[in-house]
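Working notes for the structure below.
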Amino acid sequence: MIKITFPDNSVREYAKGTTAMQIAESISSRLAQEVLAASVNGEVWDLSRPINDDATVKLLKWEDEEGKHAFWHSSAHLMAEALQELYPGIKFGIGPAIENGFYYDVDPGEAVIKEGDFAAIEAKMLELVAKKEEIKRQDITKADAMKMFGDRGEEYKTELISELEDGTITTYTQGSFTDLCRGPHLPNTSYLKAVKILSVAGAYWRGDEKRKQLVRLYGITFPKKKMLDEYLTLLEEAKKRDHRKIGKEMDLFMFSDTVGKGLPMWLPKGTALRLRLQEFLRRIQARYNYQEVMCPPIGNKLLYITSGHYAKYGKDSFQPIHTPEEGEEYFLKPMNCPHHCMIYKNSPRSYKDLPLRLAEFGTVCRYEQSGELHGLTRVRSFTQDDAHIFCRPDQVKQEFLNVMDIISIVFKTMNFENFEAQISLRDKVNREKYIGSDENWEKAEQAIVEACEEKGLKAKIEYGEAAFYGPKLDFMVKDAIGRRWQLGTIQVDYNLPERFQLEYTGADNQKHRPVMIHRAPFGSMERFVAVLIEHTAGKFPLWLTPEQVCIMPISEKFNDYAWQIARELGNQEIRAIVDDRNEKIGRKIRDNELKRIPYMLIVGEKEAENSEVSVRKQGEGDKGSMKIATFAALLNGEVEEMMNR
Ligand code: THR
């Protein structure tokens with residue numbers, strides 16, 4: 001017999017070789033229907049894999065991320081099996097589960113897979129679901145794996161196998177389809193009740209532009225048809241909120257291939273909005289004694305060799321800029337921290353000067369593959385609402401807590417009530433991608449964990465997601481339609497101060513090393529505005545929106561009166577425009593609703609006579625007539641209330 005310990009610490013005995021599915025069945029038949037995979041001593045296993053020793057077991061369902069992951073991973077295999085039947089000779093790259101669904105990178109040879117083919121692929125998938133094909137795991141030697149996939153001409157698979165160690169290789173088979181795969185998978189295909197192929201795109205094999213471009217097919221599946229319908233409705237809603245579409249409709253920003261891919265340009269209204277956001281953060285930062293600095297957009301290669309960015313970003317960054325006279329190389333800056341380290345070094349610092357908080361709305365450039373670019377969320381040039389805090393080791397926790405407070409003020413004011421945090425630590429195995437000593441990393445990791453505990457902030461720990469110089473705490477917000485976005489970040493860094501030999505003189509008159517905190521509450525101005533657009537569907541908070549009021553004369557006769565109101569409101573710093581086009585009032589209302597202007601003021605005979613305006617509020621309709629001063633006070637009161645939350 002073996003002892004199985006459950007998450008609530010209860011222990012049950014089972015016969016050696018019992019599977020997680022048998023364990024679920026022994027608890028209840030309902031659980032057996034719902035369970036998708038099992039965590040066995042922290043590793044996710046197939047339900048059908050025999051457990052031979054005492055173990056801690058958690059049965060994973062749809063609600064558990066790992067459960068969903070197994071579900072979508074098996075779905076990727078299901079799609080591959082369908083593709084293999086529909087496109088004989090098709091070759092397979094990789095096919096993982098992702099946050100929402102799965103994809104498979106395939107090489108269909110001469111065949112073309114396009115949107116019009118999705119229905120046939122879905123039908124084939126459902127046919128295989130109905131067959132309830134068992135999904136079987138098998139250990140295989142490296143030589144056998146090479147032969148099996150080599151015989152089938154699966155060149156991508158054999159490339160992957162050649163990098164694996166013998167004794168660690170497994171395959172999964174269902175029906176006529178066998179894949180090289182670590183698993184875990186569902187017991188059979190019948191779980192995948194509702195399927196949808198979502199899109200098709202190109203993707204370079206192994207993300208390398210020099211290698212073949214494969215076809216990436218994205219899909220999603222659910223255990224119930226109703227869940228798929230709900231998801232598709234959500235996708236429709238997301239489409240309506242797409243920041244690229246709304247950004248165009250509202251004249252906020254633009255892209256131009258002539259300027260270059262992934263290089264956003266902010267139009268006047270977008271710029272006004274961004275500056276207002278920056279002003280808002282500036283005011284908060286001033287309360288926390290930040291000082292603003294400005295740095296050039298490029299830096300000498302030597303700077304980045306010192307910081308470690310050259311080694312990290314060298315090949316991924318843009319090409320160097322040469323200065324023929326001095327024979328030097330410069331790079332567009334990928335981060336602001338090296339420049340800020342040099343500002344720190346510019347003067348001798350004493351323990352009394354710390355913390356020194358240097359803030360900059362700093363524009364950085366990072367090379368992203370063209371296929372990865374997406375609106376304002378994935379760009380090649382963006383502005384971080386950055387700051388670097390240089391402090392004594394005994395100040396790290398308090399400073400970290402202060403930054404958490406700033407982030408929480410920012411999110412509250414933006415109505416992101418729902419946020420989660422993620423602590424990103426080093427990869428457990430692959431440590432060569434990080435700089436700095438183990439001791440420094442441990443100190444930094446501990447500081448973050450303690451700060452979260454102190455704030456009572458529940459944070460999920462992710463290994464391998466840290467910045468190359470230190471661990472970080474990232475904030476994920478949930479938007480109005482339930483999607484998660486990563487925004488703010490705080491990072492603790494003991495490494496850059498060492499590389500730059502930063503020092504301060506302590507109370508003991510000795511030299512000491514400061515600690516650095518990197519932070520950006522918005523993340524970047526581009527990403528934040530994109531998320532804000534999708535969260536609000538372009539209906540920005542009143543204090544932020546580019547145009548707060550649109551005044552609409554019902555006929556040309558009242559244009560002068562309308563402009564007079566605009567001036568009066570302008571004097572009170574209210575942003576008002578006049579729609580004095582020769583159009584019917586109904587048309588004006590409709591057009592301006594699309595511009596998402598919060599207040600519309602309609603003026604005609606009666607209003608002009610009484611020095612009043614008729615007020616319509618977005619989403620609420622008619623608010624009646626009032627004096628201009630009353631309206632101004634109402635609007636300003638509303639703004640003030642939002643800012644003081
Ligand atoms: N260097 C950090 C980054 O780019 C910022 O300071 C937040 O993530």
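Each chain in the structure tokens gets a letter, A, B and so on, in the order shown; residues start at 1 in every chain, and ligands are counted from 1 in the order they appear.
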
| message | List as a PyMOL selection string the protein and nucleic acid residues lying within 8 Å of ligand 1, with only C-alpha atoms and all ligand atoms counted. | response | chain A and resi 334-337+384-388+467+489-491+517-520+523

| Spatial neighbours of Leu186 in chain A, 8 Å, only C-alpha atoms, chain gap at least 5 places, as a list in words | Leu36, Ala37, Asp46, Leu47, Ala70, Phe71, Ser74, Ile135 and Tyr191 of chain A

| request: Name the residues in contact with range 597-613 of chain A at a cut-off of 7 Å, using only C-alpha atoms, excluding same-chain residues fewer than 6 positions from it; report them as a PyMOL selection string. | output: chain A and resi 542+547-554+558+561-562+625-628

| field | Residue neighbourhood Phe222 in chain A, 10 Å, only C-alpha atoms, exclusion window fewer than 3 positions, as an MDAnalysis selection string | value | chainID A and resid 62 68 71:72 75 101 191:196 225:229 231

Write out, as a short mmCIF file (atom, residue, chain, number, x, y, z; two decimals), in the first residue's frame, the residues just selected, with N, CA, C and O atoms.
data_model
loop_
_atom_site.label_atom_id
_atom_site.label_comp_id
_atom_site.auth_asym_id
_atom_site.auth_seq_id
_atom_site.Cartn_x
_atom_site.Cartn_y
_atom_site.Cartn_z
N TRP A 62 -10.82 22.04 -14.10
CA TRP A 62 -10.82 23.16 -15.04
C TRP A 62 -10.44 24.47 -14.34
O TRP A 62 -9.74 25.32 -14.90
N LYS A 68 -6.51 23.26 -16.76
CA LYS A 68 -6.87 23.86 -18.03
C LYS A 68 -5.73 23.67 -19.04
O LYS A 68 -5.94 23.45 -20.22
N PHE A 71 -5.81 20.36 -20.53
CA PHE A 71 -6.95 20.32 -21.44
C PHE A 71 -6.57 20.91 -22.80
O PHE A 71 -6.82 20.33 -23.85
N TRP A 72 -5.94 22.09 -22.74
CA TRP A 72 -5.60 22.77 -24.00
C TRP A 72 -4.39 22.13 -24.69
O TRP A 72 -4.25 22.20 -25.90
N SER A 75 -5.75 19.47 -26.55
CA SER A 75 -6.48 20.03 -27.69
C SER A 75 -5.53 20.34 -28.84
O SER A 75 -5.90 20.19 -30.01
N GLY A 101 -6.25 29.03 -24.61
CA GLY A 101 -6.28 28.06 -25.69
C GLY A 101 -4.93 27.44 -25.98
O GLY A 101 -4.16 27.13 -25.07
N TYR A 191 -13.12 14.49 -23.83
CA TYR A 191 -13.32 15.64 -22.94
C TYR A 191 -13.54 16.95 -23.73
O TYR A 191 -14.12 17.90 -23.24
N LEU A 192 -12.99 16.98 -24.97
CA LEU A 192 -12.88 18.24 -25.70
C LEU A 192 -14.16 18.52 -26.49
O LEU A 192 -14.18 18.47 -27.71
N LYS A 193 -15.22 18.84 -25.76
CA LYS A 193 -16.56 18.87 -26.34
C LYS A 193 -16.79 20.01 -27.34
O LYS A 193 -17.55 19.84 -28.28
N ALA A 194 -16.20 21.18 -27.08
CA ALA A 194 -16.47 22.33 -27.95
C ALA A 194 -15.16 22.87 -28.49
O ALA A 194 -14.27 23.17 -27.71
N VAL A 195 -15.03 22.95 -29.80
CA VAL A 195 -13.74 23.37 -30.37
C VAL A 195 -13.93 24.54 -31.33
O VAL A 195 -14.97 24.68 -31.98
N LYS A 196 -12.89 25.38 -31.39
CA LYS A 196 -12.94 26.52 -32.30
C LYS A 196 -11.52 26.87 -32.73
O LYS A 196 -10.64 27.04 -31.89
N LYS A 225 -20.27 23.35 -24.53
CA LYS A 225 -20.59 24.23 -25.66
C LYS A 225 -20.90 25.66 -25.15
O LYS A 225 -20.49 26.65 -25.74
N LYS A 226 -21.63 25.71 -24.01
CA LYS A 226 -22.04 27.01 -23.48
C LYS A 226 -20.82 27.87 -23.14
O LYS A 226 -20.81 29.09 -23.34
N MET A 227 -19.77 27.22 -22.65
CA MET A 227 -18.56 27.96 -22.29
C MET A 227 -17.89 28.55 -23.53
O MET A 227 -17.36 29.66 -23.50
N LEU A 228 -17.93 27.80 -24.62
CA LEU A 228 -17.35 28.31 -25.86
C LEU A 228 -18.16 29.51 -26.35
O LEU A 228 -17.60 30.54 -26.74
N ASP A 229 -19.49 29.40 -26.28
CA ASP A 229 -20.34 30.52 -26.73
C ASP A 229 -20.03 31.78 -25.92
O ASP A 229 -19.91 32.87 -26.46
N TYR A 231 -17.30 32.48 -24.42
CA TYR A 231 -15.97 32.98 -24.77
C TYR A 231 -16.01 33.75 -26.08
O TYR A 231 -15.40 34.81 -26.22
#

| field | Test item, alpha helix (DSSP H) assignment across range 442-644 of chain A, answer as a PyMOL selection string | value | chain A and resi 442-455+495-499+525-536+559-571+585-594+605-610+628-643

| query | Excluding same-chain residues fewer than 2 positions from Leu273 in chain A, what lies within 8 Å of it counting only C-alpha atoms, as number ranges by chain? | reply | A: 269-271, 275-277, 544-546

| task | Would you work out the distance separating CA of Gly506 in chain A from CA of Asp353 in chain A, expressed in Å to one decimal? | result | 10.3 Å

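Shortest atom-to-atom contact with Leu160 in chain A among A:Phe92, A:Glu99, A:Cys365, A:Ala272: A:Phe92, counting only C-alpha atoms.
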
| request: From a DSSP calculation on the backbone, collect every residue of range 475-567 of chain A in strand (DSSP E or B) and output the set as a list in words. | output: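 Residues meeting the strand (DSSP E or B) criterion: Phe475, Met476, Val477, Lys478, Arg484, Trp485, Gln486, Leu487, Gly488, Thr489, Ile490, Gln491, Val492, Asp493, Tyr504, Thr505, Lys511, His512, Val515, Met516, Ile517, His518, Arg519, Ala520, Val549, Cys550, Ile551, Met552 and Pro553 of chain A.
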
| query | Could you pull the residues within 10 Å of Lys136 in chain A, counting only C-alpha atoms, minus those fewer than 4 positions along the same chain, as number ranges by chain? | reply | A: 46, 48-49, 171-175, 178, 185-188

| task | Enter the distance from CA of Phe468 in chain A to CA of Pro96 in chain A, in Å, rounded to one decimal. | result |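 Rounded to one decimal, the two atoms are 25.1 Å apart.
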
| Using only C-alpha atoms: which of A:Phe361, A:Tyr313, A:Trp266, A:Tyr103 has the shortest distance to Glu292 in chain A |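 Closest candidate: A:Phe361.
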
| said: Can you pull out the residues contacting range 51-57 of chain A? Cut-off 6 Å, using only C-alpha atoms, and skip same-chain residues under 3 positions away; I want them as a PyMOL selection string. | reply: chain A and resi 2-6+16-19+39-41
